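Structure file entry01.cif with mmCIF, C-alpha atoms:
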```
data_coords
loop_
_atom_site.label_atom_id
_atom_site.label_comp_id
_atom_site.auth_asym_id
_atom_site.auth_seq_id
_atom_site.Cartn_x
_atom_site.Cartn_y
_atom_site.Cartn_z
CA MET U 1341 -8.73 12.95 -4.39
CA THR U 1342 -10.69 9.75 -4.88
CA LEU U 1343 -9.83 6.39 -6.31
CA GLY U 1344 -12.57 4.54 -8.15
CA GLY U 1345 -13.20 0.96 -7.24
CA ALA U 1346 -12.04 1.16 -3.62
CA CYS U 1347 -13.25 4.79 -3.34
CA THR U 1348 -10.30 5.64 -1.13
CA THR U 1349 -10.20 9.35 -0.30
CA PHE U 1350 -6.91 11.22 -0.08
CA GLY U 1351 -6.36 14.56 1.54
CA ARG U 1352 -7.98 15.78 4.72
CA GLN U 1353 -10.36 12.87 5.27
CA PRO U 1354 -9.22 9.75 7.16
CA MET U 1355 -8.66 6.61 5.15
CA ALA U 1356 -9.53 3.04 6.08
CA GLN U 1357 -6.88 1.62 3.76
CA ALA U 1358 -3.09 1.85 4.08
CA ARG U 1359 -1.75 5.40 3.97
CA THR U 1360 0.04 6.54 0.84
CA ILE U 1361 0.63 10.05 2.19
CA PRO U 1362 3.80 10.17 4.29
CA ARG U 1363 3.26 11.23 7.91
CA GLY U 1364 4.69 14.60 8.71
CA SER U 1365 4.53 15.69 5.09
CA ASP U 1366 4.13 19.47 4.93
CA SER U 1367 3.18 19.32 1.27
CA GLY U 1368 -0.48 19.72 0.38
CA ASP U 1369 -0.04 17.24 -2.46
CA ALA U 1370 -1.80 13.90 -2.37
CA ARG U 1371 0.68 11.06 -2.90
CA ILE U 1372 0.58 7.53 -4.17
CA GLY U 1373 3.69 6.17 -2.47
CA SER U 1374 6.45 4.15 -4.07
CA GLY U 1375 5.18 0.91 -2.51
CA ALA U 1376 1.59 1.43 -3.67
CA ARG U 1377 -0.05 -0.19 -6.67
CA VAL U 1378 -3.41 1.29 -7.72
CA ARG U 1379 -5.85 -0.11 -10.29
CA GLY U 1380 -9.03 1.76 -11.13
CA ARG U 1381 -10.19 5.32 -11.59
CA ILE U 1382 -8.51 8.28 -9.90
CA HIS U 1383 -10.23 11.67 -10.02
CA GLY U 1384 -10.51 14.74 -7.88
CA GLU U 1385 -9.24 18.21 -7.15
CA GLY U 1386 -5.78 19.24 -6.02
CA ASP U 1387 -2.27 18.20 -6.90
CA LEU U 1388 -1.14 14.58 -7.07
CA VAL U 1389 2.32 13.01 -6.97
CA VAL U 1390 2.56 9.42 -8.20
CA GLU U 1391 5.59 7.57 -6.85
CA GLY U 1392 4.18 4.05 -7.26
CA GLN U 1393 2.23 2.29 -9.99
CA VAL U 1394 -1.14 3.34 -11.39
CA GLU U 1395 -3.23 1.46 -13.92
CA GLY U 1396 -6.52 3.08 -14.90
CA SER U 1397 -8.04 6.45 -15.72
CA LEU U 1398 -6.53 9.50 -14.06
CA SER U 1399 -8.29 12.88 -14.13
CA ILE U 1400 -7.53 15.66 -11.66
CA ARG U 1401 -8.12 19.41 -11.41
CA GLY U 1402 -4.61 20.23 -10.33
CA ASP U 1403 -1.02 19.47 -11.19
CA LEU U 1404 0.19 15.91 -11.71
CA THR U 1405 3.74 14.69 -11.16
CA ILE U 1406 4.82 11.21 -12.17
CA ALA U 1407 7.99 10.81 -10.12
CA GLU U 1408 11.17 8.94 -10.98
CA GLY U 1409 10.58 5.20 -10.73
CA ALA U 1410 6.80 5.61 -10.97
CA SER U 1411 4.71 4.19 -13.79
CA VAL U 1412 1.25 5.09 -15.08
CA VAL U 1413 -0.75 3.10 -17.65
CA SER U 1414 -3.95 4.85 -18.71
CA GLU U 1415 -5.96 5.49 -21.86
CA LEU U 1416 -6.07 9.19 -20.96
CA VAL U 1417 -4.40 11.25 -18.24
CA GLU U 1418 -5.99 14.67 -17.62
CA ALA U 1419 -4.65 17.42 -15.35
CA GLN U 1420 -3.95 21.13 -15.24
CA SER U 1421 -0.22 20.66 -15.79
CA ILE U 1422 1.74 17.42 -15.98
CA SER U 1423 5.37 16.73 -15.15
CA ILE U 1424 6.71 13.30 -16.08
CA VAL U 1425 9.97 12.03 -14.63
CA GLY U 1426 9.00 8.32 -14.57
CA SER U 1427 7.12 6.34 -17.23
CA LEU U 1428 3.70 6.82 -18.78
CA GLU U 1429 1.81 4.78 -21.34
CA GLY U 1430 -1.29 6.58 -22.61
CA ASP U 1431 -2.47 9.92 -23.95
CA VAL U 1432 -1.99 13.16 -22.01
CA ALA U 1433 -4.33 16.17 -22.03
CA ALA U 1434 -3.26 19.19 -19.99
CA SER U 1435 -4.93 22.58 -19.90
CA GLY U 1436 -1.49 23.97 -18.96
CA SER U 1437 2.01 22.71 -19.66
CA VAL U 1438 3.41 19.22 -20.14
CA ARG U 1439 7.03 18.59 -19.14
CA LEU U 1440 9.08 15.47 -19.84
CA ALA U 1441 12.25 15.27 -17.74
CA ALA U 1442 15.42 13.64 -19.06
CA SER U 1443 14.53 10.33 -17.37
CA ALA U 1444 10.91 10.28 -18.69
CA ARG U 1445 9.66 7.40 -20.82
CA VAL U 1446 6.39 8.23 -22.59
CA ARG U 1447 4.38 6.27 -25.14
CA GLY U 1448 1.27 8.21 -26.16
CA ASN U 1449 0.06 11.53 -27.53
CA LEU U 1450 0.73 14.79 -25.68
CA ARG U 1451 -1.58 17.81 -25.68
CA GLY U 1452 -0.99 20.97 -23.67
CA SER U 1453 -0.64 24.73 -23.90
CA ALA U 1454 3.13 24.20 -23.87
CA VAL U 1455 5.21 21.04 -24.12
CA SER U 1456 8.86 20.73 -23.09
CA ILE U 1457 10.94 17.61 -23.63
CA GLU U 1458 14.36 17.54 -22.00
CA GLU U 1459 17.30 15.95 -23.76
CA GLY U 1460 17.44 12.25 -22.88
CA ALA U 1461 13.67 11.79 -22.52
CA ARG U 1462 12.15 9.01 -24.62
CA PHE U 1463 8.90 9.90 -26.34
CA ALA U 1464 6.86 7.97 -28.92
CA GLY U 1465 3.63 9.67 -30.01
CA LYS U 1466 2.17 12.88 -31.41
CA LEU U 1467 2.40 16.44 -30.06
CA ASP U 1468 -0.63 18.71 -30.09
CA CYS U 1469 0.33 22.25 -29.11
CA GLU U 1470 0.75 25.63 -30.72
CA PHE U 1471 4.23 27.01 -31.22
CA ASP U 1472 6.23 29.18 -33.58
CA LEU U 1473 9.11 27.68 -35.52
CA PRO U 1474 12.34 29.65 -35.36
CA PRO U 1475 13.24 31.51 -38.59
CA GLU U 1476 16.13 29.12 -39.31
CA LEU U 1477 13.57 26.27 -39.55
CA GLY U 1478 11.27 28.18 -41.89
CA GLY U 1479 9.16 29.96 -39.29
CA ALA U 1480 8.32 33.63 -39.38
CA SER U 1481 9.85 36.05 -36.91
CA ARG U 1482 7.54 37.33 -34.17
CA ALA U 1483 7.35 40.77 -35.79
CA GLU U 1484 6.25 39.19 -39.10
CA SER U 1485 3.67 37.00 -37.31
CA ARG U 1486 2.20 40.01 -35.51
CA GLY U 1487 2.06 41.95 -38.77
CA ARG U 1488 0.14 39.16 -40.48
CA THR U 1489 -2.26 38.83 -37.56
CA ALA U 1490 -2.94 42.60 -37.57
CA ALA U 1491 -3.42 42.57 -41.36
CA ARG U 1492 -6.11 39.85 -41.12
CA ARG U 1493 -8.28 41.99 -38.79
#
```

For the file at hand, write its structure as structure tokens.
Amino acid sequence: MTLGGACTTFGRQPMAQARTIPRGSDSGDARIGSGARVRGRIHGEGDLVVEGQVEGSLSIRGDLTIAEGASVVSELVEAQSISIVGSLEGDVAASGSVRLAASARVRGNLRGSAVSIEEGARFAGKLDCEFDLPPELGGASRAESRGRTAARR
């Protein structure tokens, strides 16, 4: 995991700057600790947990967790899957799922293969995902959808 600007490397390589990965942590996740404030570009491979504050572009090939009390401000956040418990301002693009916990505060557009928003989460933006409406909301049942798909072939 690298941070633009300071080019700090997280993970297995030693860092010259202050550690943001807790000592003795058995988790393979890279962490930006609750006392850390990062400005710049973050990109890399592997999972990342943000517990502090991030301002800048964030693009990883892994799962991203924005923990409770954490905040991220970015034009675009890209990851495999994204779980938001803290706050995020910016657009989200996930190749997998996007999950907003009850305490999440999100202002921006969400795109993912699946999006779940728990009751209590605050969200202002647009959703971009594919889903079927339940029949009581005017959607077709799964059997009807399959029948239409087969008929088009």

Polymer residues at most 6 Å from (10.9, 14.4, -10.0) by only C-alpha atoms, as a count of residues only
3

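If only C-alpha atoms are the atoms counted, then among U:Glu1470, U:Gly1478, U:Val1413, U:Gly1426 the closest residue to U:Gly1448 is U:Val1413.
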
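Taking atom CA of U:Leu1428 as the reference point, atom CA of U:Ser1411 is found at 5.7 Å.
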
Axis-aligned box over every listed atom of stretch 1452-1462 of chain U, padded by 3 Å per side: centre and edges in Å to one decimal, as AutoDock Vina command-line options?
```
--center_x 8.2 --center_y 16.9 --center_z -23.3 --size_x 24.4 --size_y 21.7 --size_z 8.6
```

Given the file shown, determine the residues that the PyMOL selection byres ((chain U and resi 1451) around 7) selects; report them as a PyMOL selection string.
chain U and resi 1432-1434+1449-1450+1452+1467-1469

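Compared by their closest atoms to U:Ser1437, and using all atoms listed in the file, the residues U:Leu1477, U:Ala1410, U:Ile1424, U:Ala1461 rank with U:Ile1424 nearest.
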
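One distance worth recording is that between atom CA of U:Gly1368 and atom CA of U:Ser1397, which is 22.2 Å.
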
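Taken over the shown file, the PyMOL selection byres ((chain U and resi 1436) around 8) identifies Gln1420, Ser1421, Ile1422, Ala1434, Ser1435, Ser1437, Val1438, Gly1452, Ser1453 and Ala1454 of chain U.
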
Go ahead and write the residues just picked, C-alpha atoms, as a compact mmCIF listing (two decimals), in the frame of the given file.
```txt
# COMPACT_ATOMS: atom_id res chain seq x y z
CA GLN U 1420 -3.95 21.13 -15.24
CA SER U 1421 -0.22 20.66 -15.79
CA ILE U 1422 1.74 17.42 -15.98
CA ALA U 1434 -3.26 19.19 -19.99
CA SER U 1435 -4.93 22.58 -19.90
CA SER U 1437 2.01 22.71 -19.66
CA VAL U 1438 3.41 19.22 -20.14
CA GLY U 1452 -0.99 20.97 -23.67
CA SER U 1453 -0.64 24.73 -23.90
CA ALA U 1454 3.13 24.20 -23.87
```

What residues have an atom no more than 7 Å from (7.6, 2.8, -2.6) in the file's own frame, counting all atoms listed in the file, and can you write them as a PDB file with C-alpha atoms, in the frame of the given file?
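File result_25.pdb, as written:
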```
ATOM      1  CA  GLY U1373       3.690   6.170  -2.470  1.00  0.00           C
ATOM      2  CA  SER U1374       6.450   4.150  -4.070  1.00  0.00           C
ATOM      3  CA  GLY U1375       5.180   0.910  -2.510  1.00  0.00           C
ATOM      4  CA  ALA U1376       1.590   1.430  -3.670  1.00  0.00           C
ATOM      5  CA  GLU U1391       5.590   7.570  -6.850  1.00  0.00           C
ATOM      6  CA  GLY U1392       4.180   4.050  -7.260  1.00  0.00           C
TER       7      GLY U1392
END
```

So what does the PyMOL selection byres ((chain U and resi 1456) around 6) actually pick up in this one, as a ChimeraX atom specification?
/U:1439,1455,1457

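With only C-alpha atoms as the basis for measurement, U:Val1412 is the residue among U:Leu1404, U:Leu1398, U:Val1412, U:Leu1440 that approaches U:Arg1377 most closely.
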
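Distances to U:Val1446 were evaluated for U:Gln1393, U:Thr1405, U:Ser1414, U:Ser1427 using only C-alpha atoms, and the minimum falls at U:Ser1427.
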
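In this model, the gap between atom CA of U:Val1390 and atom CA of U:Ala1464 comes to 21.2 Å.
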
Give me the residues near stretch 1400-1403 of chain U as a PDB file with C-alpha atoms, in the frame of the given file, where near means some atom within 7 Å (using all atoms listed in the file) and where sequence neighbours in that chain fewer than 5 positions away do not count.
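File out.pdb, as written:
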```
ATOM      1  CA  HIS U1383     -10.230  11.670 -10.020  1.00  0.00           C
ATOM      2  CA  GLY U1384     -10.510  14.740  -7.880  1.00  0.00           C
ATOM      3  CA  GLU U1385      -9.240  18.210  -7.150  1.00  0.00           C
ATOM      4  CA  GLY U1386      -5.780  19.240  -6.020  1.00  0.00           C
ATOM      5  CA  ASP U1387      -2.270  18.200  -6.900  1.00  0.00           C
ATOM      6  CA  LEU U1388      -1.140  14.580  -7.070  1.00  0.00           C
ATOM      7  CA  GLU U1418      -5.990  14.670 -17.620  1.00  0.00           C
ATOM      8  CA  ALA U1419      -4.650  17.420 -15.350  1.00  0.00           C
ATOM      9  CA  GLN U1420      -3.950  21.130 -15.240  1.00  0.00           C
ATOM     10  CA  SER U1421      -0.220  20.660 -15.790  1.00  0.00           C
ATOM     11  CA  ILE U1422       1.740  17.420 -15.980  1.00  0.00           C
TER      12      ILE U1422
END
```

Please reconstruct the missing atoms of stretch 1397-1420 of chain U (target: N, CA and C atoms) and return them as a PDB file, keeping the file's coordinate frame.
```
ATOM      1  N   SER U1397      -7.850   5.061 -15.315  1.00  0.00           N
ATOM      2  CA  SER U1397      -8.040   6.450 -15.720  1.00  0.00           C
ATOM      3  C   SER U1397      -7.609   7.404 -14.608  1.00  0.00           C
ATOM      4  N   LEU U1398      -7.051   8.522 -15.009  1.00  0.00           N
ATOM      5  CA  LEU U1398      -6.530   9.500 -14.060  1.00  0.00           C
ATOM      6  C   LEU U1398      -6.950  10.885 -14.538  1.00  0.00           C
ATOM      7  N   SER U1399      -7.802  11.558 -13.754  1.00  0.00           N
ATOM      8  CA  SER U1399      -8.290  12.880 -14.130  1.00  0.00           C
ATOM      9  C   SER U1399      -8.359  13.740 -12.877  1.00  0.00           C
ATOM     10  N   ILE U1400      -7.546  14.785 -12.829  1.00  0.00           N
ATOM     11  CA  ILE U1400      -7.530  15.660 -11.660  1.00  0.00           C
ATOM     12  C   ILE U1400      -7.595  17.126 -12.098  1.00  0.00           C
ATOM     13  N   ARG U1401      -8.114  17.954 -11.196  1.00  0.00           N
ATOM     14  CA  ARG U1401      -8.120  19.410 -11.410  1.00  0.00           C
ATOM     15  C   ARG U1401      -7.004  19.984 -10.563  1.00  0.00           C
ATOM     16  N   GLY U1402      -5.805  19.791 -11.022  1.00  0.00           N
ATOM     17  CA  GLY U1402      -4.610  20.230 -10.330  1.00  0.00           C
ATOM     18  C   GLY U1402      -3.410  19.769 -11.122  1.00  0.00           C
ATOM     19  N   ASP U1403      -2.249  19.861 -10.513  1.00  0.00           N
ATOM     20  CA  ASP U1403      -1.020  19.470 -11.190  1.00  0.00           C
ATOM     21  C   ASP U1403      -0.695  18.013 -10.869  1.00  0.00           C
ATOM     22  N   LEU U1404      -0.184  17.308 -11.865  1.00  0.00           N
ATOM     23  CA  LEU U1404       0.190  15.910 -11.710  1.00  0.00           C
ATOM     24  C   LEU U1404       1.681  15.764 -11.904  1.00  0.00           C
ATOM     25  N   THR U1405       2.328  15.031 -11.001  1.00  0.00           N
ATOM     26  CA  THR U1405       3.740  14.690 -11.160  1.00  0.00           C
ATOM     27  C   THR U1405       3.870  13.185 -11.123  1.00  0.00           C
ATOM     28  N   ILE U1406       4.485  12.629 -12.147  1.00  0.00           N
ATOM     29  CA  ILE U1406       4.820  11.210 -12.170  1.00  0.00           C
ATOM     30  C   ILE U1406       6.298  11.147 -11.864  1.00  0.00           C
ATOM     31  N   ALA U1407       6.627  10.735 -10.642  1.00  0.00           N
ATOM     32  CA  ALA U1407       7.990  10.810 -10.120  1.00  0.00           C
ATOM     33  C   ALA U1407       8.899   9.740 -10.738  1.00  0.00           C
ATOM     34  N   GLU U1408      10.185   9.910 -10.513  1.00  0.00           N
ATOM     35  CA  GLU U1408      11.170   8.940 -10.980  1.00  0.00           C
ATOM     36  C   GLU U1408      10.879   7.580 -10.366  1.00  0.00           C
ATOM     37  N   GLY U1409      10.872   6.551 -11.195  1.00  0.00           N
ATOM     38  CA  GLY U1409      10.580   5.200 -10.730  1.00  0.00           C
ATOM     39  C   GLY U1409       9.108   4.858 -10.753  1.00  0.00           C
ATOM     40  N   ALA U1410       8.243   5.848 -10.930  1.00  0.00           N
ATOM     41  CA  ALA U1410       6.800   5.610 -10.970  1.00  0.00           C
ATOM     42  C   ALA U1410       6.372   5.217 -12.377  1.00  0.00           C
ATOM     43  N   SER U1411       5.235   4.517 -12.472  1.00  0.00           N
ATOM     44  CA  SER U1411       4.710   4.190 -13.790  1.00  0.00           C
ATOM     45  C   SER U1411       3.191   4.356 -13.788  1.00  0.00           C
ATOM     46  N   VAL U1412       2.682   4.887 -14.891  1.00  0.00           N
ATOM     47  CA  VAL U1412       1.250   5.090 -15.080  1.00  0.00           C
ATOM     48  C   VAL U1412       0.869   4.488 -16.422  1.00  0.00           C
ATOM     49  N   VAL U1413      -0.183   3.655 -16.423  1.00  0.00           N
ATOM     50  CA  VAL U1413      -0.750   3.100 -17.650  1.00  0.00           C
ATOM     51  C   VAL U1413      -2.212   3.501 -17.665  1.00  0.00           C
ATOM     52  N   SER U1414      -2.600   4.312 -18.656  1.00  0.00           N
ATOM     53  CA  SER U1414      -3.950   4.850 -18.710  1.00  0.00           C
ATOM     54  C   SER U1414      -4.296   5.207 -20.156  1.00  0.00           C
ATOM     55  N   GLU U1415      -5.567   5.046 -20.522  1.00  0.00           N
ATOM     56  CA  GLU U1415      -5.960   5.490 -21.860  1.00  0.00           C
ATOM     57  C   GLU U1415      -5.782   6.996 -21.986  1.00  0.00           C
ATOM     58  N   LEU U1416      -6.168   7.738 -20.935  1.00  0.00           N
ATOM     59  CA  LEU U1416      -6.070   9.190 -20.960  1.00  0.00           C
ATOM     60  C   LEU U1416      -5.757   9.712 -19.561  1.00  0.00           C
ATOM     61  N   VAL U1417      -4.757  10.573 -19.481  1.00  0.00           N
ATOM     62  CA  VAL U1417      -4.400  11.250 -18.240  1.00  0.00           C
ATOM     63  C   VAL U1417      -4.732  12.721 -18.425  1.00  0.00           C
ATOM     64  N   GLU U1418      -5.573  13.271 -17.526  1.00  0.00           N
ATOM     65  CA  GLU U1418      -5.990  14.670 -17.620  1.00  0.00           C
ATOM     66  C   GLU U1418      -5.607  15.401 -16.338  1.00  0.00           C
ATOM     67  N   ALA U1419      -5.012  16.583 -16.494  1.00  0.00           N
ATOM     68  CA  ALA U1419      -4.650  17.420 -15.350  1.00  0.00           C
ATOM     69  C   ALA U1419      -4.411  18.836 -15.837  1.00  0.00           C
ATOM     70  N   GLN U1420      -4.242  19.743 -14.881  1.00  0.00           N
ATOM     71  CA  GLN U1420      -3.950  21.130 -15.240  1.00  0.00           C
ATOM     72  C   GLN U1420      -2.573  21.205 -15.893  1.00  0.00           C
TER      73      GLN U1420
END
```
